[in-house]
Amino acid sequence: GAVVSQHPSRVICKSGTSVKIECRSLDFQATTMFWYRQFPKQSLMLMATSNEGSKATYEQGVEKDKFLINHASLTLSTLTVTSAHPEDSSFYICSAREYRGLGETQYFGPGTRLLVL
Amino acid sequence: AQSVTQPDIHITVSEGASLELRCNYSYGATPYLFWYVQSPGQGLQLLLKYFSGDTLVQGIKGFEAEFKRSQSSFNLRKPSVHWSDAAEYFCAVGAPGGYNKLIFGAGTRLAVHP
């Protein structure tokens with residue numbers, strides 16, 4: 001099956017610093033990747049849709065300048081949390097969309113747990 | 001607007017018992033339907049998906065799901081649960097015909113008693 005990796009799996013940073021999270025599709029090309037945020041014991045909240053070679057599309061209420069997304073290649077998208085604050089602490093999950101046959105499927109990465117002190 | 005309802009927030013079953021997790025969706029046509037499983041601290045793993053055709057879909061780990069158009073449901077089943085099945089299960093819908101976001105249900109947390 002399609003594999004999506006994320007790096008790092010866990011990061012702790014000081015308030016005010018920036019953190020970059022990478023999402024890679026390992027065995028397929030993904031023209032579209034998605035970034036989600038998940039709070040404890042809750043469902044996934046879509047933050048933005050990342051299209052290769054173009055600007056990301058952000059969901060309502062998500063700050064574009066706070067969460068910078070870059071999708072420079074068909075296998076890599078990055079999420080940078082700028083000037084992180086404790087309220088940004090969360091579990092961030094990416095997914096990559098694959099077309100195969102009849103329909104499309106999103107495959108998810110293992111997630112990145114961010115703790116801002 | 002699309003929506004997904006998972007009526008059961010938490011379910012507990014005994015190991016070896018059968019399992020059914022409910023999922024109802026709201027959509028104007030037949031959507032793409034998915035079930036994902038998430039273990040604690042992990043990402044989501046795709047269990048199975050439905051695009052069209054046979055309404056009974058087989059997935060990994062012995063799971064199956066049945067699409068019932070008349071009931072707008074896509075319930076997940078497993079005949080005999082194993083302790084390793086304890087996890088969070090998410091139902092999701094997506095609109096066919098090109099890119100679209102997945103809409104997730106709130107999730108059902110499954111606990112398995114020995």
# chains A, B, ... in the order shown; residues from 1 in each chain; ligands from 1
$ interface_residues --of "chain B" --to "chain A" --cutoff "7 Å" --atoms "only C-alpha atoms" --output "NGL selection string"
:B and (42-45 or 51 or 104-107)
$ write_last_selection --atoms "C-alpha atoms" --output "compact mmCIF listing (two decimals), in the first residue's frame"
# COMPACT_ATOMS: atom_id res chain seq x y z
CA GLN B 42 -0.36 7.14 15.71
CA GLY B 43 -1.62 8.30 12.35
CA LEU B 44 -4.61 6.84 10.56
CA GLN B 45 -4.55 3.55 8.75
CA PHE B 51 -16.33 3.91 -4.37
CA PHE B 104 -14.60 12.80 9.27
CA GLY B 105 -16.95 11.55 11.91
CA ALA B 106 -16.18 12.18 15.55
CA GLY B 107 -14.77 8.71 15.96
$ residues_around --residues "Ser54 of chain A" --least-positions-apart "5" --cutoff "12 Å" --atoms "only C-alpha atoms" --output "ChimeraX atom specification"
/A:31-33,49,69-74,77
$ write_last_selection --atoms "all heavy atoms" --output "compact mmCIF listing (two decimals), in the first residue's frame"
# COMPACT_ATOMS: atom_id res chain seq x y z
N THR A 31 0.00 14.83 -5.90
CA THR A 31 -0.16 16.22 -6.31
C THR A 31 -0.84 17.03 -5.23
O THR A 31 -0.72 18.24 -5.19
CB THR A 31 -0.99 16.32 -7.60
OG1 THR A 31 -2.22 15.62 -7.41
CG2 THR A 31 -0.24 15.68 -8.77
N THR A 32 -1.56 16.34 -4.37
CA THR A 32 -2.26 17.02 -3.29
C THR A 32 -1.96 16.36 -1.96
O THR A 32 -2.04 15.13 -1.84
CB THR A 32 -3.80 17.01 -3.52
OG1 THR A 32 -4.07 17.58 -4.79
CG2 THR A 32 -4.50 17.81 -2.44
N MET A 33 -1.61 17.18 -1.00
CA MET A 33 -1.43 16.72 0.37
C MET A 33 -2.28 17.57 1.29
O MET A 33 -2.62 18.71 0.96
CB MET A 33 0.04 16.78 0.79
CG MET A 33 0.93 15.78 0.04
SD MET A 33 2.63 15.84 0.64
CE MET A 33 3.33 14.44 -0.22
N THR A 49 -5.09 22.50 2.45
CA THR A 49 -4.84 21.60 1.33
C THR A 49 -3.65 22.14 0.57
O THR A 49 -3.60 23.33 0.21
CB THR A 49 -6.06 21.56 0.41
OG1 THR A 49 -7.19 21.15 1.16
CG2 THR A 49 -5.83 20.59 -0.74
N ILE A 69 2.73 26.59 4.60
CA ILE A 69 2.76 25.30 3.91
C ILE A 69 3.45 25.46 2.58
O ILE A 69 3.16 26.38 1.83
CB ILE A 69 1.34 24.75 3.72
CG1 ILE A 69 0.76 24.37 5.09
CG2 ILE A 69 1.35 23.55 2.79
CD1 ILE A 69 -0.68 23.97 5.04
N ASN A 70 4.36 24.54 2.32
CA ASN A 70 5.08 24.52 1.06
C ASN A 70 5.00 23.13 0.47
O ASN A 70 5.22 22.14 1.16
CB ASN A 70 6.54 24.92 1.27
CG ASN A 70 7.31 24.95 -0.02
OD1 ASN A 70 7.80 23.94 -0.50
ND2 ASN A 70 7.39 26.13 -0.62
N HIS A 71 4.69 23.06 -0.82
CA HIS A 71 4.58 21.75 -1.49
C HIS A 71 5.44 21.83 -2.74
O HIS A 71 4.94 22.00 -3.84
CB HIS A 71 3.10 21.50 -1.83
CG HIS A 71 2.81 20.09 -2.23
ND1 HIS A 71 1.54 19.55 -2.14
CD2 HIS A 71 3.58 19.11 -2.74
CE1 HIS A 71 1.56 18.31 -2.56
NE2 HIS A 71 2.79 18.02 -2.93
N ALA A 72 6.73 21.68 -2.53
CA ALA A 72 7.69 21.97 -3.60
C ALA A 72 7.85 20.84 -4.60
O ALA A 72 8.34 21.05 -5.71
CB ALA A 72 9.04 22.30 -2.98
N SER A 73 7.48 19.63 -4.20
CA SER A 73 7.64 18.51 -5.13
C SER A 73 6.45 17.58 -4.99
O SER A 73 5.60 17.76 -4.11
CB SER A 73 8.93 17.74 -4.83
OG SER A 73 8.77 16.91 -3.70
N LEU A 74 6.39 16.58 -5.86
CA LEU A 74 5.26 15.66 -5.84
C LEU A 74 5.30 14.68 -4.69
O LEU A 74 4.38 13.90 -4.49
CB LEU A 74 5.22 14.88 -7.16
CG LEU A 74 4.79 15.69 -8.38
CD1 LEU A 74 4.94 14.86 -9.65
CD2 LEU A 74 3.35 16.15 -8.24
N SER A 77 5.70 17.77 1.21
CA SER A 77 5.04 18.99 1.66
C SER A 77 5.55 19.30 3.06
O SER A 77 5.81 18.37 3.84
CB SER A 77 3.52 18.80 1.69
OG SER A 77 2.87 19.95 2.22
$ residues_around --residues "Asp8 of chain B" --least-positions-apart "3" --cutoff "9 Å" --atoms "only C-alpha atoms" --output "list in words"
Thr5, Ile11, Leu21, Arg22, Cys23, Gly107, Thr108 and Arg109 of chain B
$ write_last_selection --atoms "N, CA, C and O atoms" --output "compact mmCIF listing (two decimals), in the first residue's frame"
# COMPACT_ATOMS: atom_id res chain seq x y z
N THR B 5 -21.90 11.07 10.83
CA THR B 5 -22.27 10.83 12.21
C THR B 5 -21.86 9.44 12.64
O THR B 5 -22.22 8.45 12.00
N ILE B 11 -17.31 2.18 22.63
CA ILE B 11 -17.89 0.84 22.64
C ILE B 11 -16.91 -0.11 23.30
O ILE B 11 -15.70 -0.03 23.06
N LEU B 21 -19.66 -1.12 14.13
CA LEU B 21 -19.54 0.31 14.38
C LEU B 21 -20.38 1.04 13.35
O LEU B 21 -20.24 0.82 12.16
N ARG B 22 -21.19 1.95 13.85
CA ARG B 22 -22.14 2.61 12.98
C ARG B 22 -21.60 3.91 12.38
O ARG B 22 -20.85 4.64 13.04
N CYS B 23 -22.02 4.15 11.16
CA CYS B 23 -21.66 5.38 10.47
C CYS B 23 -22.81 5.79 9.57
O CYS B 23 -23.26 4.99 8.74
N GLY B 107 -15.56 9.85 15.53
CA GLY B 107 -14.77 8.71 15.96
C GLY B 107 -15.50 7.86 16.98
O GLY B 107 -16.34 8.34 17.74
N THR B 108 -15.17 6.58 17.00
CA THR B 108 -15.66 5.64 18.01
C THR B 108 -14.47 4.96 18.64
O THR B 108 -13.64 4.37 17.94
N ARG B 109 -14.39 5.07 19.93
CA ARG B 109 -13.28 4.44 20.65
C ARG B 109 -13.69 3.04 21.06
O ARG B 109 -14.69 2.86 21.76
$ select_by_dssp --residues "chain B" --states "strand (DSSP E or B)" --output "PyMOL selection string"
chain B and resi 3-5+10-14+19-21+24-26+32-38+44-50+56-58+64-68+73-78+87-94+102-104+108-113
$ residues_around --residues "Lys61 of chain B" --least-positions-apart "5" --cutoff "9 Å" --atoms "only C-alpha atoms" --output "PyMOL selection string"
chain B and resi 47+78+85
